[in-house]
$ cat run-v6.pdb   # PDB, C-alpha atoms
ATOM      1  CA  MET A   1      10.290 -71.634 147.868
ATOM      2  CA  LYS A   2      12.192 -71.028 144.638
ATOM      3  CA  LYS A   3      14.156 -68.244 146.301
ATOM      4  CA  MET A   4      15.154 -70.600 149.109
ATOM      5  CA  LEU A   5      16.155 -73.291 146.605
ATOM      6  CA  TRP A   6      18.515 -70.978 144.753
ATOM      7  CA  LEU A   7      19.976 -69.726 148.027
ATOM      8  CA  LEU A   8      20.736 -73.329 148.960
ATOM      9  CA  LEU A   9      22.277 -74.014 145.564
ATOM     10  CA  ALA A  10      24.419 -70.920 145.873
ATOM     11  CA  ALA A  11      25.765 -72.256 149.151
ATOM     12  CA  ILE A  12      27.181 -75.413 147.515
ATOM     13  CA  PRO A  13      31.015 -75.365 147.837
ATOM     14  CA  MET A  14      32.756 -74.394 144.597
ATOM     15  CA  GLN A  15      36.095 -75.646 143.319
ATOM     16  CA  ALA A  16      39.120 -73.686 144.414
ATOM     17  CA  VAL A  17      39.936 -70.706 142.223
ATOM     18  CA  ALA A  18      43.236 -70.336 140.419
ATOM     19  CA  GLY A  19      46.347 -69.635 142.428
ATOM     20  CA  GLU A  20      49.941 -68.725 141.712
ATOM     21  CA  ASP A  21      50.890 -72.389 142.047
ATOM     22  CA  ASP A  22      48.917 -73.495 138.989
ATOM     23  CA  PRO A  23      51.368 -75.610 136.952
ATOM     24  CA  ILE A  24      52.552 -74.073 133.683
ATOM     25  CA  ALA A  25      53.399 -76.176 130.633
ATOM     26  CA  TYR A  26      56.071 -75.048 128.153
ATOM     27  CA  LYS A  27      56.248 -76.439 124.638
ATOM     28  CA  CYS A  28      59.025 -78.521 123.113
ATOM     29  CA  TYR A  29      57.947 -80.389 119.964
ATOM     30  CA  TYR A  30      59.683 -83.622 118.959
ATOM     31  CA  CYS A  31      62.367 -82.910 121.533
ATOM     32  CA  THR A  32      64.936 -85.196 123.103
ATOM     33  CA  PRO A  33      65.026 -85.463 126.908
ATOM     34  CA  ASP A  34      68.040 -83.145 126.951
ATOM     35  CA  GLU A  35      66.203 -80.553 124.864
ATOM     36  CA  MET A  36      63.222 -80.719 127.213
ATOM     37  CA  GLU A  37      65.565 -80.154 130.130
ATOM     38  CA  GLU A  38      66.982 -77.074 128.395
ATOM     39  CA  VAL A  39      63.464 -75.636 128.114
ATOM     40  CA  ALA A  40      62.923 -76.205 131.836
ATOM     41  CA  LEU A  41      66.288 -74.643 132.744
ATOM     42  CA  ALA A  42      65.392 -71.562 130.702
ATOM     43  CA  GLN A  43      62.501 -70.897 133.120
ATOM     44  CA  GLY A  44      64.804 -70.551 136.158
ATOM     45  CA  VAL A  45      64.477 -71.998 139.639
ATOM     46  CA  GLY A  46      61.197 -73.771 140.376
ATOM     47  CA  ARG A  47      58.989 -76.620 139.224
ATOM     48  CA  HIS A  48      58.205 -76.595 135.512
ATOM     49  CA  TYR A  49      56.489 -78.880 133.027
ATOM     50  CA  VAL A  50      57.496 -79.380 129.409
ATOM     51  CA  TYR A  51      55.157 -80.960 126.867
ATOM     52  CA  ASP A  52      55.268 -82.333 123.352
ATOM     53  CA  ALA A  53      51.923 -81.708 121.634
ATOM     54  CA  GLN A  54      52.741 -84.121 118.831
ATOM     55  CA  ARG A  55      53.787 -87.045 120.990
ATOM     56  CA  LEU A  56      51.203 -86.157 123.660
ATOM     57  CA  THR A  57      53.718 -86.344 126.488
ATOM     58  CA  ILE A  58      54.405 -84.045 129.434
ATOM     59  CA  VAL A  59      57.384 -84.223 131.814
ATOM     60  CA  GLY A  60      58.060 -82.432 135.082
ATOM     61  CA  PHE A  61      61.337 -80.795 136.095
ATOM     62  CA  ASP A  62      62.573 -79.427 139.401
ATOM     63  CA  VAL A  63      65.105 -76.682 138.642
ATOM     64  CA  PHE A  64      67.491 -75.627 141.418
ATOM     65  CA  LEU A  65      70.816 -73.899 142.036
ATOM     66  CA  ARG A  66      73.905 -75.961 142.819
ATOM     67  CA  ASP A  67      77.412 -74.493 142.877
ATOM     68  CA  ASP A  68      76.089 -71.279 141.315
ATOM     69  CA  ALA A  69      74.733 -73.213 138.342
ATOM     70  CA  LEU A  70      71.192 -74.219 137.388
ATOM     71  CA  ASN A  71      70.455 -77.924 137.488
ATOM     72  CA  ALA A  72      67.301 -79.882 136.666
ATOM     73  CA  GLU A  73      65.906 -83.188 137.830
ATOM     74  CA  SER A  74      63.132 -84.725 135.781
ATOM     75  CA  PHE A  75      60.194 -86.639 137.208
ATOM     76  CA  VAL A  76      57.048 -88.321 135.916
ATOM     77  CA  ALA A  77      54.218 -85.783 135.836
ATOM     78  CA  GLU A  78      51.467 -86.436 138.367
ATOM     79  CA  SER A  79      48.567 -88.557 137.117
ATOM     80  CA  TRP A  80      46.039 -85.733 137.635
ATOM     81  CA  LEU A  81      48.222 -83.364 135.611
ATOM     82  CA  GLN A  82      48.621 -85.879 132.801
ATOM     83  CA  ASN A  83      44.848 -86.311 132.792
ATOM     84  CA  GLN A  84      44.345 -82.545 132.478
ATOM     85  CA  PHE A  85      46.966 -82.317 129.728
ATOM     86  CA  LEU A  86      45.483 -85.149 127.662
ATOM     87  CA  GLY A  87      41.963 -83.811 128.220
ATOM     88  CA  MET A  88      42.898 -80.384 126.918
ATOM     89  CA  MET A  89      44.822 -81.810 123.972
ATOM     90  CA  SER A  90      41.812 -83.961 123.036
ATOM     91  CA  LEU A  91      39.914 -80.713 122.382
ATOM     92  CA  TYR A  92      42.661 -79.109 120.295
ATOM     93  CA  ASP A  93      41.586 -78.200 116.764
ATOM     94  CA  PRO A  94      44.610 -77.967 114.425
ATOM     95  CA  HIS A  95      42.616 -75.920 111.909
ATOM     96  CA  ASP A  96      42.186 -72.865 114.114
ATOM     97  CA  GLY A  97      44.551 -73.621 116.986
ATOM     98  CA  GLU A  98      41.787 -73.466 119.608
ATOM     99  CA  MET A  99      40.566 -75.956 122.184
ATOM    100  CA  GLU A 100      36.929 -76.609 121.325
ATOM    101  CA  HIS A 101      34.270 -79.165 122.138
ATOM    102  CA  HIS A 102      30.846 -79.581 120.530
ATOM    103  CA  ILE A 103      27.844 -81.237 122.168
ATOM    104  CA  MET A 104      24.811 -82.151 120.071
ATOM    105  CA  ASP A 105      21.161 -82.399 121.103
ATOM    106  CA  VAL A 106      21.446 -80.959 124.613
ATOM    107  CA  VAL A 107      18.170 -81.462 126.495
ATOM    108  CA  LEU A 108      17.639 -79.321 129.611
ATOM    109  CA  LEU A 109      14.391 -78.072 131.098
ATOM    110  CA  ALA A 110      14.013 -74.311 131.165
ATOM    111  CA  PRO A 111      14.105 -72.819 134.684
ATOM    112  CA  ASN A 112      10.575 -71.360 134.448
ATOM    113  CA  THR A 113       8.909 -74.698 133.593
ATOM    114  CA  GLU A 114       8.184 -78.006 135.312
ATOM    115  CA  HIS A 115       8.886 -81.504 134.038
ATOM    116  CA  GLY A 116       5.284 -82.637 134.459
ATOM    117  CA  ARG A 117       3.893 -80.109 132.024
ATOM    118  CA  ARG A 118       4.073 -79.640 128.278
ATOM    119  CA  SER A 119       7.633 -80.038 127.000
ATOM    120  CA  ARG A 120       9.521 -76.784 127.356
ATOM    121  CA  TYR A 121      13.212 -77.319 126.897
ATOM    122  CA  LEU A 122      15.907 -74.722 127.452
ATOM    123  CA  TRP A 123      17.296 -73.070 124.312
ATOM    124  CA  GLY A 124      18.945 -69.832 123.179
ATOM    125  CA  GLN A 125      15.894 -67.718 123.959
ATOM    126  CA  ASP A 126      16.262 -68.662 127.633
ATOM    127  CA  LEU A 127      19.958 -67.769 127.731
ATOM    128  CA  THR A 128      19.932 -64.295 126.223
ATOM    129  CA  ALA A 129      20.518 -61.487 128.732
ATOM    130  CA  LEU A 130      17.129 -60.052 127.711
ATOM    131  CA  ASN A 131      15.286 -63.009 129.254
ATOM    132  CA  PRO A 132      14.187 -62.284 132.844
ATOM    133  CA  HIS A 133      15.179 -65.870 133.771
ATOM    134  CA  HIS A 134      18.535 -65.893 131.963
ATOM    135  CA  ALA A 135      20.682 -66.119 135.135
ATOM    136  CA  GLN A 136      19.038 -69.378 136.202
ATOM    137  CA  ALA A 137      19.129 -70.728 132.639
ATOM    138  CA  ARG A 138      22.858 -70.032 132.321
ATOM    139  CA  GLU A 139      23.503 -71.639 135.687
ATOM    140  CA  SER A 140      21.666 -74.776 134.528
ATOM    141  CA  VAL A 141      23.980 -75.046 131.518
ATOM    142  CA  ARG A 142      27.026 -74.299 133.672
ATOM    143  CA  ARG A 143      26.211 -77.226 135.964
ATOM    144  CA  TYR A 144      25.455 -79.463 133.003
ATOM    145  CA  LEU A 145      28.935 -78.736 131.618
ATOM    146  CA  ALA A 146      30.552 -79.275 135.023
ATOM    147  CA  ASP A 147      28.978 -82.777 135.062
ATOM    148  CA  HIS A 148      29.818 -83.611 131.446
ATOM    149  CA  SER A 149      32.045 -86.691 131.292
ATOM    150  CA  GLU A 150      34.183 -85.467 128.379
ATOM    151  CA  LEU A 151      35.017 -82.296 130.334
ATOM    152  CA  SER A 152      35.631 -83.986 133.686
ATOM    153  CA  PHE A 153      39.382 -83.337 133.432
ATOM    154  CA  LEU A 154      38.624 -79.733 134.446
ATOM    155  CA  ASP A 155      37.488 -80.902 137.883
ATOM    156  CA  THR A 156      40.239 -79.863 140.324
ATOM    157  CA  SER A 157      38.876 -81.695 143.368
ATOM    158  CA  ASN A 158      41.625 -84.351 143.084
ATOM    159  CA  SER A 159      44.489 -81.967 142.256
ATOM    160  CA  GLY A 160      44.482 -79.755 145.303
ATOM    161  CA  GLY A 161      42.706 -77.075 143.307
ATOM    162  CA  LYS A 162      45.444 -76.885 140.666
ATOM    163  CA  LEU A 163      44.699 -76.631 136.953
ATOM    164  CA  LEU A 164      47.269 -76.831 134.183
ATOM    165  CA  LYS A 165      48.021 -73.700 132.153
ATOM    166  CA  PHE A 166      49.702 -73.615 128.767
ATOM    167  CA  HIS A 167      52.352 -70.908 128.596
ATOM    168  CA  TYR A 168      51.017 -69.598 125.277
ATOM    169  CA  ALA A 169      47.609 -68.951 126.881
ATOM    170  CA  MET A 170      48.827 -67.255 130.056
ATOM    171  CA  ASN A 171      46.895 -64.047 129.256
ATOM    172  CA  GLY A 172      43.604 -65.914 129.331
ATOM    173  CA  ASP A 173      42.818 -65.072 125.701
ATOM    174  CA  ARG A 174      42.738 -68.693 124.463
ATOM    175  CA  PRO A 175      40.068 -70.354 126.621
ATOM    176  CA  ILE A 176      38.450 -73.730 126.132
ATOM    177  CA  VAL A 177      35.188 -73.176 124.242
ATOM    178  CA  VAL A 178      32.134 -75.432 124.157
ATOM    179  CA  GLY A 179      29.455 -75.183 121.499
ATOM    180  CA  MET A 180      26.061 -76.728 122.232
ATOM    181  CA  ASN A 181      23.145 -77.583 119.997
ATOM    182  CA  PHE A 182      19.857 -77.400 121.896
ATOM    183  CA  LYS A 183      17.265 -79.615 120.292
ATOM    184  CA  GLY A 184      14.724 -80.766 122.827
ATOM    185  CA  ASN A 185      11.660 -80.224 120.626
ATOM    186  CA  SER A 186      11.348 -80.644 116.873
ATOM    187  CA  ASP A 187      10.934 -76.896 116.402
ATOM    188  CA  ILE A 188      13.867 -75.896 118.636
ATOM    189  CA  ASN A 189      17.332 -75.753 117.128
ATOM    190  CA  SER A 190      19.746 -73.211 118.514
ATOM    191  CA  HIS A 191      23.472 -73.008 119.116
ATOM    192  CA  THR A 192      25.104 -71.561 122.225
ATOM    193  CA  TYR A 193      28.741 -71.095 123.211
ATOM    194  CA  TYR A 194      30.396 -71.069 126.632
ATOM    195  CA  SER A 195      34.054 -70.500 127.503
ATOM    196  CA  PHE A 196      35.921 -71.914 130.471
ATOM    197  CA  ASN A 197      37.177 -69.206 132.826
ATOM    198  CA  HIS A 198      40.467 -70.701 133.974
ATOM    199  CA  GLU A 199      40.937 -68.300 136.870
ATOM    200  CA  ALA A 200      37.417 -68.653 138.310
ATOM    201  CA  ARG A 201      37.124 -72.383 137.426
ATOM    202  CA  ARG A 202      33.711 -71.934 135.848
ATOM    203  CA  TRP A 203      31.937 -71.848 132.501
ATOM    204  CA  ASP A 204      30.918 -68.396 131.257
ATOM    205  CA  TYR A 205      28.221 -67.716 128.671
ATOM    206  CA  LEU A 206      29.551 -66.188 125.441
ATOM    207  CA  TYR A 207      26.724 -65.886 122.892
ATOM    208  CA  GLY A 208      24.069 -67.833 121.058
ATOM    209  CA  TYR A 209      22.746 -68.237 117.524
ATOM    210  CA  LEU A 210      19.144 -68.707 116.388
ATOM    211  CA  PRO A 211      17.681 -69.442 112.934
ATOM    212  CA  GLN A 212      16.927 -66.344 110.884
ATOM    213  CA  GLY A 213      16.055 -66.628 107.229
ATOM    214  CA  TYR A 214      18.330 -69.263 105.678
ATOM    215  CA  SER A 215      21.091 -68.965 108.274
ATOM    216  CA  HIS A 216      21.792 -68.683 111.982
ATOM    217  CA  GLU A 217      22.394 -65.214 113.424
ATOM    218  CA  ARG A 218      23.493 -64.050 116.853
ATOM    219  CA  ILE A 219      20.657 -63.661 119.296
ATOM    220  CA  GLN A 220      20.026 -60.184 120.676
ATOM    221  CA  GLU A 221      21.575 -59.646 124.117
ATOM    222  CA  SER A 222      20.676 -55.978 124.540
ATOM    223  CA  ARG A 223      18.251 -53.351 123.298
ATOM    224  CA  LEU A 224      20.784 -51.882 120.891
ATOM    225  CA  ASP A 225      21.250 -55.243 119.157
ATOM    226  CA  PHE A 226      17.889 -54.640 117.458
ATOM    227  CA  ALA A 227      19.231 -51.443 115.892
ATOM    228  CA  PRO A 228      23.022 -51.142 116.240
ATOM    229  CA  SER A 229      23.098 -47.855 114.308
ATOM    230  CA  GLU A 230      20.726 -45.103 113.319
ATOM    231  CA  GLY A 231      18.436 -45.853 110.423
ATOM    232  CA  ASP A 232      16.977 -49.250 109.475
ATOM    233  CA  THR A 233      18.063 -52.727 110.535
ATOM    234  CA  ILE A 234      16.398 -55.654 108.748
ATOM    235  CA  PHE A 235      15.547 -59.096 110.173
ATOM    236  CA  ASP A 236      14.104 -61.626 107.708
ATOM    237  CA  TYR A 237      12.250 -64.833 108.581
ATOM    238  CA  ARG A 238      11.200 -67.216 105.834
ATOM    239  CA  THR A 239       7.915 -69.088 105.427
ATOM    240  CA  GLY A 240       7.474 -71.671 108.163
ATOM    241  CA  ASN A 241       9.593 -69.694 110.644
ATOM    242  CA  GLY A 242       6.623 -68.379 112.597
ATOM    243  CA  PHE A 243       8.029 -69.848 115.810
ATOM    244  CA  TRP A 244      11.257 -67.854 115.424
ATOM    245  CA  ALA A 245       9.402 -64.682 114.439
ATOM    246  CA  GLU A 246       7.248 -64.911 117.570
ATOM    247  CA  ALA A 247      10.420 -65.342 119.645
ATOM    248  CA  PHE A 248      11.871 -62.215 118.016
ATOM    249  CA  ILE A 249       8.792 -60.229 119.102
ATOM    250  CA  GLU A 250       9.133 -61.603 122.645
ATOM    251  CA  ARG A 251      12.777 -60.486 122.836
ATOM    252  CA  ALA A 252      11.813 -57.040 121.568
ATOM    253  CA  THR A 253       9.137 -56.856 124.262
ATOM    254  CA  TRP A 254      11.731 -57.708 126.922
ATOM    255  CA  ALA A 255      13.864 -54.887 125.521
ATOM    256  CA  ASN A 256      10.915 -52.434 125.724
ATOM    257  CA  ILE A 257      10.842 -52.036 121.950
ATOM    258  CA  PRO A 258       7.363 -51.748 120.395
ATOM    259  CA  VAL A 259       6.658 -53.977 117.389
ATOM    260  CA  HIS A 260       4.001 -52.534 115.061
ATOM    261  CA  GLY A 261       1.872 -54.598 112.705
ATOM    262  CA  GLN A 262       0.295 -58.040 112.520
ATOM    263  CA  LEU A 263       2.387 -61.183 112.243
ATOM    264  CA  PRO A 264       1.289 -63.105 109.106
ATOM    265  CA  VAL A 265       0.336 -66.779 109.268
ATOM    266  CA  ARG A 266       2.599 -69.201 107.373
ATOM    267  CA  GLU A 267       4.241 -66.488 105.339
ATOM    268  CA  SER A 268       7.677 -64.945 105.257
ATOM    269  CA  VAL A 269       8.059 -61.844 107.380
ATOM    270  CA  ARG A 270      10.475 -58.934 107.573
ATOM    271  CA  PHE A 271      11.061 -56.884 110.703
ATOM    272  CA  THR A 272      12.365 -53.392 110.066
ATOM    273  CA  CYS A 273      13.756 -51.830 113.226
ATOM    274  CA  LYS A 274      14.232 -48.081 112.997
ATOM    275  CA  ARG A 275      16.502 -46.165 115.339
ATOM    276  CA  ALA A 276      16.528 -42.406 115.834
ATOM    277  CA  THR A 277      18.862 -41.396 118.665
ATOM    278  CA  ASP A 278      17.704 -43.565 121.600
ATOM    279  CA  ASP A 279      14.263 -44.351 120.206
ATOM    280  CA  ILE A 280      13.845 -47.794 118.586
ATOM    281  CA  GLN A 281      10.661 -48.971 116.870
ATOM    282  CA  CYS A 282      10.185 -52.218 114.933
ATOM    283  CA  TYR A 283       7.671 -52.770 112.117
ATOM    284  CA  ILE A 284       6.307 -55.956 110.547
ATOM    285  CA  ASN A 285       6.479 -56.049 106.745
ATOM    286  CA  ASN A 286       5.279 -58.928 104.599
TER     287      ASN A 286
END
$ encode --input "run-v6.pdb" --output "structure tokens"
Amino acid sequence: MKKMLWLLLAAIPMQAVAGEDDPIAYKCYYCTPDEMEEVALAQGVGRHYVYDAQRLTIVGFDVFLRDDALNAESFVAESWLQNQFLGMMSLYDPHDGEMEHHIMDVVLLAPNTEHGRRSRYLWGQDLTALNPHHAQARESVRRYLADHSELSFLDTSNSGGKLLKFHYAMNGDRPIVVGMNFKGNSDINSHTYYSFNHEARRWDYLYGYLPQGYSHERIQESRLDFAPSEGDTIFDYRTGNGFWAEAFIERATWANIPVHGQLPVRESVRFTCKRATDDIQCYINN
């Protein structure tokens, strides 16, 4: 039954992927209309958009040849394009120059649970690539983000599949990033990040953080994350972090890494993971 359900979900039509006709926006800060036109003319024949990030305005230009000279006619940018522009600018962080959005207290049921049973909300442990159910967990978050009202400007169903691109991010190296805090139960607090794949029109999992000691550290995504180099790698969990320590052992089990020793009750614990060539063994020290 579950297999059939996911086959049906996979058959749901997706938004159109990026095409060559995606509109491109070129910057012109505190510019006059004539200066904006000059920016459009510099791009050659075609339809171009020029924006002012400080005044939060965007204008369209049709550039064409007439009497062997380039000319431009301005027009009011389409409402859907203005919506996309303002939506992206609302996420802009002037401190690091990125487009970021943060969502607190995300509550989603994990894919291997049912709502009628004991609370089992999705968190970073479900999203790591080590988890056998991670594909379904990531898809749950992806659909949650696609439905999120503050990110609805990324929906291209009313734009003919078109999605605005900023010229400075044409290489795809400056994506929109969303950080989520999962806090469904009192003992669950993890942070996960997704980036928006502009070309594929979808949210892609980046990485997650879980509590470790007195900070948050990146969750293991592969076997080698337990021991990135030969020798010892230390993971410390303070008193009261038994839940997180148990989760660490579960991830190691998924990675086929043996964990030797007995987990103490209500005490701090140190995991020492030793790597010799391809062999990785973890030991409990307290």
$ residues_near_point --input "run-v6.pdb" --point "(16.8, -81.6, 125.5)" --cutoff "6 Å" --atoms "all atoms listed in the file" --output "JSON list (two decimals) with C-alpha atoms, in the coordinates of the input"
[["chain", "number", "residue", "atom", "x", "y", "z"],
["A", 106, "VAL", "CA", 21.45, -80.96, 124.61],
["A", 107, "VAL", "CA", 18.17, -81.46, 126.50],
["A", 108, "LEU", "CA", 17.64, -79.32, 129.61],
["A", 121, "TYR", "CA", 13.21, -77.32, 126.90],
["A", 183, "LYS", "CA", 17.26, -79.61, 120.29],
["A", 184, "GLY", "CA", 14.72, -80.77, 122.83]]
$ atom_distance --input "run-v6.pdb" --atom1 "atom CA of A:His167" --atom2 "atom CA of A:Tyr26"
5.6 Å
$ residues_near_point --input "run-v6.pdb" --point "(49.5, -69.8, 124.9)" --cutoff "12 Å" --atoms "all atoms listed in the file" --output "ChimeraX atom specification"
/A:24-27,97-99,164-176
$ resolve_selection --input "run-v6.pdb" --expression "the PyMOL selection byres ((chain A and resi 63) around 10)" --output "PyMOL selection string"
chain A and resi 37+40-48+60-62+64-66+70-74
$ write_last_selection --input "run-v6.pdb" --atoms "C-alpha atoms" --output "mmCIF file, keeping the file's coordinate frame"
data_model
loop_
_atom_site.group_PDB
_atom_site.id
_atom_site.type_symbol
_atom_site.label_atom_id
_atom_site.label_comp_id
_atom_site.auth_asym_id
_atom_site.auth_seq_id
_atom_site.Cartn_x
_atom_site.Cartn_y
_atom_site.Cartn_z
ATOM 1 C CA GLU A 37 65.565 -80.154 130.130
ATOM 2 C CA ALA A 40 62.923 -76.205 131.836
ATOM 3 C CA LEU A 41 66.288 -74.643 132.744
ATOM 4 C CA ALA A 42 65.392 -71.562 130.702
ATOM 5 C CA GLN A 43 62.501 -70.897 133.120
ATOM 6 C CA GLY A 44 64.804 -70.551 136.158
ATOM 7 C CA VAL A 45 64.477 -71.998 139.639
ATOM 8 C CA GLY A 46 61.197 -73.771 140.376
ATOM 9 C CA ARG A 47 58.989 -76.620 139.224
ATOM 10 C CA HIS A 48 58.205 -76.595 135.512
ATOM 11 C CA GLY A 60 58.060 -82.432 135.082
ATOM 12 C CA PHE A 61 61.337 -80.795 136.095
ATOM 13 C CA ASP A 62 62.573 -79.427 139.401
ATOM 14 C CA PHE A 64 67.491 -75.627 141.418
ATOM 15 C CA LEU A 65 70.816 -73.899 142.036
ATOM 16 C CA ARG A 66 73.905 -75.961 142.819
ATOM 17 C CA LEU A 70 71.192 -74.219 137.388
ATOM 18 C CA ASN A 71 70.455 -77.924 137.488
ATOM 19 C CA ALA A 72 67.301 -79.882 136.666
ATOM 20 C CA GLU A 73 65.906 -83.188 137.830
ATOM 21 C CA SER A 74 63.132 -84.725 135.781
#
$ residues_around --input "run-v6.pdb" --residues "A:Pro228" --least-positions-apart "4" --cutoff "10 Å" --atoms "all atoms listed in the file" --output "ChimeraX atom specification"
/A:222-224,232-233,273-275
$ write_last_selection --input "run-v6.pdb" --atoms "C-alpha atoms" --output "short mmCIF file (atom, residue, chain, number, x, y, z; two decimals), in the frame of the given file"
data_model
loop_
_atom_site.label_atom_id
_atom_site.label_comp_id
_atom_site.auth_asym_id
_atom_site.auth_seq_id
_atom_site.Cartn_x
_atom_site.Cartn_y
_atom_site.Cartn_z
CA SER A 222 20.68 -55.98 124.54
CA ARG A 223 18.25 -53.35 123.30
CA LEU A 224 20.78 -51.88 120.89
CA ASP A 232 16.98 -49.25 109.48
CA THR A 233 18.06 -52.73 110.54
CA CYS A 273 13.76 -51.83 113.23
CA LYS A 274 14.23 -48.08 113.00
CA ARG A 275 16.50 -46.16 115.34
#
$ closest_residue --input "run-v6.pdb" --among "A:Phe182, A:Tyr51, A:Phe85, A:Trp80" --to "A:Asp105" --atoms "all atoms listed in the file"
A:Phe182
$ atom_distance --input "run-v6.pdb" --atom1 "atom CA of A:Ala53" --atom2 "atom CA of A:Asp93"
12.0 Å
$ atom_distance --input "run-v6.pdb" --atom1 "atom CA of A:Tyr29" --atom2 "atom CA of A:Leu91"
18.2 Å
$ closest_residue --input "run-v6.pdb" --among "A:Ala135, A:Met88, A:Val178, A:Ile234" --to "A:Met104" --atoms "only C-alpha atoms"
A:Val178
$ residues_around --input "run-v6.pdb" --residues "A:Phe153" --least-positions-apart "4" --cutoff "12 Å" --atoms "all atoms listed in the file" --output "JSON, numbers by chain"
{"A": [79, 80, 81, 82, 83, 84, 85, 86, 87, 88, 89, 90, 91, 145, 146, 147, 148, 149, 157, 158, 159, 162, 163, 164, 201]}
$ residues_around --input "run-v6.pdb" --residues "A:Asp225" --least-positions-apart "3" --cutoff "12 Å" --atoms "all atoms listed in the file" --output "ChimeraX atom specification"
/A:128-130,217-222,228-230,233-235,248,251-252,255,257,273-275,280
$ residues_around --input "run-v6.pdb" --residues "A:Glu267" --least-positions-apart "2" --cutoff "6 Å" --atoms "only C-alpha atoms" --output "PyMOL selection string"
chain A and resi 239+264-265
